[in-house]
Structure formats: C-alpha cells, structure tokens
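I have placed the structure first, in the form of structure tokens, so that the comments after it can refer back to it.
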Amino acid sequence: MTTHHPLIIIGSGPAGFTAGIYAARADLAPLIFEGIQPGGQLTITTDVENFPGFPDGIMGPDLMDAMRKQAQRFGATTAYEMVTNIDFSKRPFAVTTDSKSYTADALILCTGASAITGGLPNEAELMGHGLSACATCDAFFFRGKEVVVVGGGDSAMEEAHFLTKFATKVTIVHRRDAFRASKTMQSRVLENPKINVIWNTEVVELIGSKETGLTAVTLQAKDGERTNFPTNGLFYAIGHKPNTDLFKGVLDMNEVGYLNVASPSSKTNVEGVFAAGDVCDPHYRQAISSAGAGCIAAMDAEHFLSSQVTSLV
Ligand code: NAP
C-alpha cells in the first residue's frame, strides 16, 4: 500500500528537523525519514558550544532529541526508515523505503554528509578494530592506549581533545605544516600536554588484523621517508562527503557531489524538490546554518505547494 503525504523530508539532522518544525507549523503534516543516523551528525558529537540559545552548551544528542520533539509537537511524523529509491520523473514523487512505498507532492532533501576515510587497503577489516571516524562513539575503547588522529580541521581538533579523556597519548598526523582549524580549537589542542603533532606527514599503511586490532601505522613524510609508528587506534577526521548517491544522474550537483540549489533559495533543478543542510553546503556546514537552511526549504516548499493549489482553482 502506498501512503501519500503533501511533503516528505528526507534526513533528520538540524536541517531536516527545522524544515519539519516550519512545515508542520504551516499545516503540511510532513513525514520525516530519519535514515541511517537518526538525529544526524550531532548525535555523534559531545558538547555543542556554538548553537545559539545554550550559553552553557548542550550535548549533541540532547539538542537533536529536542528538535525532533519540537517537530512532532506541531504535527510532523518521524519514521525510522531508510529511503532506497526516489522517482523524480513525475509528481507526486514516488519514494520507496526499506519497508514501504510513499508518494509526496514536494520533497525536502536533508541527507547530510558522511565521514571520509583514507582509502587504505585494509580499512574495511580494521574498522571497529582500532580504526574509527568517530571519537565520540569509540573513544571509550581506547582507555589507557595510544591513538592517532588524522586531519587538521576543527573535527581533528575536537576528536583529539576528546580522546585525551581516555587515551594516554594522542598524536595528530597532519599532511601540511599548519592546521585549518579555528584558532580557539587549535590552541586547546596545542596546549594539551597529552597531544603531540606530526606535521607534513601522511598515514600510508595500516598494520594489524581483525584478530590483533590495529598495531601500528606507516607514516610517510613529505620527503618520502617512511617510519613505523606503533599505535592502538586511528581516528580519521579528514572531512565528509555528501550523501547524494540516490540523486545521481537526476539532480544537479557539483564535481564532488554536493547538490546545487538556486541560491538564495533551496530549489534544486527539479520543480518541487528542495534541499537544505550539509547535502548542498560544501562551505559552512554548521548546525546553525543547516537549521537556517531547513527553515528556508520549508518556506520554499510551502510556497510551491500553495502555488500548485492556486493553479488548480
Ligand atoms: P575540514 O575543515 O575540511 O578539514 C579536513 C582536514 O583533513 C584538513 O586539515 C585536510 O587537510 C585534511 N585532509 C583532507 N583529506 C585528507 C587526506 N586524504 N589525507 C590527510 N588529510 C586530509 O573538515 P572538518 O574538520 O570535518 O570540518 C568541516 C566543517 O565542520 C568545518 O566548517 C568546521 O569548521 C566544522 N566543524 C566545526 C566544529 C565546531 O565548531 N565545534 C567541529 C567540527 C567541525 P588540509 O588542511 O591540508 O586541506
């Protein structure tokens, strides 16, 4: 059986839930698919210190729970389903999930982005056995151990700082001689006696197996010199890629897969399909900018849906 909704929102990060709040308050009774990571990337972070309204900070999962409740309070429905296919070719759009079929007059895509890893041969084997892309999720397993963090952005700083609560030593391996992270985050890391930085260096090999766990990495300096670096854990913090595989070949995207929207609106190249948050934002990628974009997408969707009704009258 296929269920129809005026508006379906795909994704449950700050963009998806904010779109849900605004759309629900506009009486669109949106259905929000929460996807593979309900609550989005903030559910795997700890303290969120820069979301306005929380002078003492708020835990990421708590913020997302509050956003979900706020959307539900106004009539949004949330579903723990994974969208597997969307037919964009005609309206209403057909949306298939892992368990049901739906149609919608308008869509808001807020599928966010996922962590990038280094692409080394035995990553799949070692993931969860010393290898991770989420310190908040896995740091606990490295109590009393030594770990490496790869990257030089805010995520790497945040992960390294968080890991010092558990690990005895954290080594940041960065491919350049300067971090791109904000000054505040950099200072926090550089002043931490448990954190050491190896500059101008890349991790080129992971040593270990599922049975032994990660035991060491091979580091390669800019001049090509290779060294064996014993470690129990490696955390990638080298950025994210947009979750746009479902939209390939239909929706316009840039060369690395971020959806193109007709700024300052949230309109994609398909009428009735809107996008918000990290899925279409390679630049700012903040919870607050995503929330703002979710609001814009809901208002755009509402205008679109009312124009359809008016044109039928
Ligand atoms: P990012 O800013 O894109 O930084 C990625 C880092 O990984 C860069 O230092 C980059 O090196 C390095 N890198 C990329 N590919 C690599 C590879 N193949 N091998 C080795 N190193 C590689 O990503 P991010 O740190 O995830 O941050 C993304 C956005 O989220 C930013 O806007 C950031 O401000 C925001 N953020 C904010 C907070 C916060 O405010 N609390 C926390 C986390 C993230 P290069 O520097 O050489 O390019």
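Chain labels run A, B, ... following the order of the structure tokens; each chain numbers its residues from 1, and ligands are numbered from 1 in the order shown.
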Would you list the residues that come within 7 Å of ligand 1? Count only C-alpha atoms and all ligand atoms and give the answer as a list in words.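 Result of the 7 Å neighbour search around ligand 1: Val48, Glu49, Asn50, Gly118, Val150, Gly151, Gly152, Gly153, Asp154, Ser155, Ala156, Glu158, His174, Arg175, Arg176, Phe179, Arg180, Ala181, Ser182, Glu202, Ala237, Ile238, Gly239, His240, His283, Tyr284, Arg285 and Gln286 of chain A.
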Considering only C-alpha atoms, return as number ranges by chain whatever protein or nucleic-acid residues lie within 10 Å of A:Ala293, sequence-local ones (same chain, fewer than 5 positions apart) excluded. A: 14-16, 18-19, 110, 264-266, 275-278, 280-281, 287-288, 298-299
Write the selection just made, keeping N, CA, C and O atoms, as an mmCIF file, in the first residue's frame?
```cif
data_model
loop_
_atom_site.group_PDB
_atom_site.id
_atom_site.type_symbol
_atom_site.label_atom_id
_atom_site.label_comp_id
_atom_site.auth_asym_id
_atom_site.auth_seq_id
_atom_site.Cartn_x
_atom_site.Cartn_y
_atom_site.Cartn_z
ATOM 1 N N PRO A 14 19.877 18.861 11.854
ATOM 2 C CA PRO A 14 19.284 20.184 12.122
ATOM 3 C C PRO A 14 18.474 20.725 10.944
ATOM 4 O O PRO A 14 17.447 21.374 11.143
ATOM 5 N N ALA A 15 18.898 20.419 9.706
ATOM 6 C CA ALA A 15 18.148 20.904 8.534
ATOM 7 C C ALA A 15 16.795 20.195 8.454
ATOM 8 O O ALA A 15 15.747 20.843 8.308
ATOM 9 N N GLY A 16 16.812 18.866 8.562
ATOM 10 C CA GLY A 16 15.577 18.087 8.421
ATOM 11 C C GLY A 16 14.560 18.430 9.501
ATOM 12 O O GLY A 16 13.380 18.658 9.210
ATOM 13 N N THR A 18 14.439 21.150 11.431
ATOM 14 C CA THR A 18 13.964 22.544 11.353
ATOM 15 C C THR A 18 12.958 22.669 10.220
ATOM 16 O O THR A 18 11.912 23.331 10.363
ATOM 17 N N ALA A 19 13.232 22.019 9.088
ATOM 18 C CA ALA A 19 12.254 22.010 7.992
ATOM 19 C C ALA A 19 10.944 21.403 8.511
ATOM 20 O O ALA A 19 9.852 21.898 8.214
ATOM 21 N N CYS A 110 17.500 16.451 2.980
ATOM 22 C CA CYS A 110 18.432 16.891 4.030
ATOM 23 C C CYS A 110 19.276 15.696 4.442
ATOM 24 O O CYS A 110 19.370 15.371 5.631
ATOM 25 N N PRO A 264 19.528 32.418 -3.458
ATOM 26 C CA PRO A 264 19.384 32.119 -2.043
ATOM 27 C C PRO A 264 18.220 31.193 -1.712
ATOM 28 O O PRO A 264 17.876 31.068 -0.533
ATOM 29 N N SER A 265 17.616 30.544 -2.682
ATOM 30 C CA SER A 265 16.518 29.632 -2.356
ATOM 31 C C SER A 265 17.075 28.228 -2.104
ATOM 32 O O SER A 265 18.279 28.007 -2.174
ATOM 33 N N SER A 266 16.177 27.288 -1.848
ATOM 34 C CA SER A 266 16.599 25.905 -1.629
ATOM 35 C C SER A 266 16.175 25.031 -2.803
ATOM 36 O O SER A 266 16.151 23.812 -2.696
ATOM 37 N N ALA A 275 16.375 21.364 -1.160
ATOM 38 C CA ALA A 275 17.468 20.737 -0.407
ATOM 39 C C ALA A 275 17.974 21.713 0.647
ATOM 40 O O ALA A 275 17.902 22.935 0.477
ATOM 41 N N ALA A 276 18.474 21.157 1.745
ATOM 42 C CA ALA A 276 18.967 22.007 2.836
ATOM 43 C C ALA A 276 20.010 21.261 3.649
ATOM 44 O O ALA A 276 19.980 20.032 3.758
ATOM 45 N N GLY A 277 20.941 22.028 4.206
ATOM 46 C CA GLY A 277 21.942 21.448 5.103
ATOM 47 C C GLY A 277 23.191 20.993 4.364
ATOM 48 O O GLY A 277 23.454 21.388 3.226
ATOM 49 N N ASP A 278 23.951 20.111 5.025
ATOM 50 C CA ASP A 278 25.253 19.693 4.501
ATOM 51 C C ASP A 278 25.188 19.071 3.112
ATOM 52 O O ASP A 278 26.180 19.083 2.382
ATOM 53 N N CYS A 280 23.938 20.138 0.562
ATOM 54 C CA CYS A 280 24.117 21.134 -0.504
ATOM 55 C C CYS A 280 25.024 22.269 -0.023
ATOM 56 O O CYS A 280 25.020 23.358 -0.599
ATOM 57 N N ASP A 281 25.790 22.023 1.054
ATOM 58 C CA ASP A 281 26.609 23.108 1.609
ATOM 59 C C ASP A 281 28.055 22.672 1.814
ATOM 60 O O ASP A 281 28.413 22.167 2.874
ATOM 61 N N ALA A 287 25.759 23.418 12.303
ATOM 62 C CA ALA A 287 24.405 23.040 12.713
ATOM 63 C C ALA A 287 23.450 24.221 12.542
ATOM 64 O O ALA A 287 22.322 24.064 12.057
ATOM 65 N N ILE A 288 23.920 25.408 12.904
ATOM 66 C CA ILE A 288 23.024 26.566 12.855
ATOM 67 C C ILE A 288 22.736 26.983 11.417
ATOM 68 O O ILE A 288 21.609 27.367 11.088
ATOM 69 N N ALA A 298 11.602 24.745 4.032
ATOM 70 C CA ALA A 298 10.184 24.537 4.376
ATOM 71 C C ALA A 298 9.334 25.681 3.823
ATOM 72 O O ALA A 298 8.225 25.458 3.308
ATOM 73 N N MET A 299 9.851 26.912 3.900
ATOM 74 C CA MET A 299 9.081 28.055 3.378
ATOM 75 C C MET A 299 8.962 27.958 1.855
ATOM 76 O O MET A 299 7.909 28.229 1.284
#
```
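Backbone DSSP assigns strand (DSSP E or B) in stretch 244-279 of chain A to Met253, Leu259, Lys267, Val273, Phe274 and Ala275 of chain A.
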How would the residues just chosen look if you wrote them out with N, CA, C and O atoms as a PDB file, in the first residue's frame?
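again_36.pdb written:
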```
ATOM      1  N   MET A 253      24.433  18.504  -9.331  1.00  0.00           N
ATOM      2  CA  MET A 253      25.365  18.569  -8.202  1.00  0.00           C
ATOM      3  C   MET A 253      26.722  19.058  -8.679  1.00  0.00           C
ATOM      4  O   MET A 253      26.992  19.060  -9.885  1.00  0.00           O
ATOM      5  N   LEU A 259      24.670  18.865  -3.743  1.00  0.00           N
ATOM      6  CA  LEU A 259      23.554  19.303  -4.575  1.00  0.00           C
ATOM      7  C   LEU A 259      23.661  20.795  -4.857  1.00  0.00           C
ATOM      8  O   LEU A 259      24.012  21.579  -3.966  1.00  0.00           O
ATOM      9  N   LYS A 267      15.836  25.674  -3.942  1.00  0.00           N
ATOM     10  CA  LYS A 267      15.290  24.911  -5.080  1.00  0.00           C
ATOM     11  C   LYS A 267      16.378  24.126  -5.801  1.00  0.00           C
ATOM     12  O   LYS A 267      17.424  24.690  -6.153  1.00  0.00           O
ATOM     13  N   VAL A 273      11.274  19.925  -5.632  1.00  0.00           N
ATOM     14  CA  VAL A 273      12.308  19.255  -4.822  1.00  0.00           C
ATOM     15  C   VAL A 273      13.264  20.307  -4.269  1.00  0.00           C
ATOM     16  O   VAL A 273      13.843  21.094  -5.041  1.00  0.00           O
ATOM     17  N   PHE A 274      13.412  20.324  -2.962  1.00  0.00           N
ATOM     18  CA  PHE A 274      14.213  21.336  -2.277  1.00  0.00           C
ATOM     19  C   PHE A 274      15.304  20.624  -1.472  1.00  0.00           C
ATOM     20  O   PHE A 274      15.178  19.441  -1.153  1.00  0.00           O
ATOM     21  N   ALA A 275      16.375  21.364  -1.160  1.00  0.00           N
ATOM     22  CA  ALA A 275      17.468  20.737  -0.407  1.00  0.00           C
ATOM     23  C   ALA A 275      17.974  21.713   0.647  1.00  0.00           C
ATOM     24  O   ALA A 275      17.902  22.935   0.477  1.00  0.00           O
TER      25      ALA A 275
END
```
Among listed residues A:Pro282, A:Pro121, A:Gly257, A:Gly272, nearest A:Gly208 (using only C-alpha atoms): A:Pro121
Give me the residues of stretch 15-35 of chain A that have any atom at most 10 Å from an atom of stretch 83-89 of chain A; for each, the nearest atom pair and the distance in Å, rounded to one decimal. Use only C-alpha atoms, sort by chain and number, and format it as a tab-separated table.
```
residue	atom	partner	partner_atom	distance
A:Phe33	CA	A:Val83	CA	7.4
A:Glu34	CA	A:Val83	CA	9.2
A:Gly35	CA	A:Val83	CA	7.0
```
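Every protein, DNA or RNA residue with an atom at most 9 Å from A:Ala76, where only C-alpha atoms count and chain neighbours fewer than 5 positions away do not, is listed here: Gly20, Ile21, Ala23, Ala24, Arg25, Leu28, Ala29, Pro30, Leu31, Ile32, Arg68, Gln70 and Ala71 of chain A.
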Extract, using only C-alpha atoms, all DNA, RNA and protein residues at most 12 Å from A:Asp223, discarding same-chain residues fewer than 3 positions from it, and format them as an MDAnalysis selection string. chainID A and resid 175 200:202 219:220 226:227
Select, from A:Thr111, A:Thr2, A:Thr218, A:Gln72, the residue with the minimum atom-to-atom distance to A:Pro38, counting only C-alpha atoms.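 The answer is A:Thr111, which sits nearest to A:Pro38.
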Taken to one decimal, the atom CA of A:Thr244-atom CA of A:Thr96 distance is 15.7 Å
Might you pull out every residue within 6 Å of A:Ile195, with only C-alpha atoms counted and same-chain residues fewer than 2 positions away left off, and present them as a list of chain:residue names?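 Here the qualifying residues turn out to be A:Val170, A:Thr171, A:Asn192, A:Pro193.
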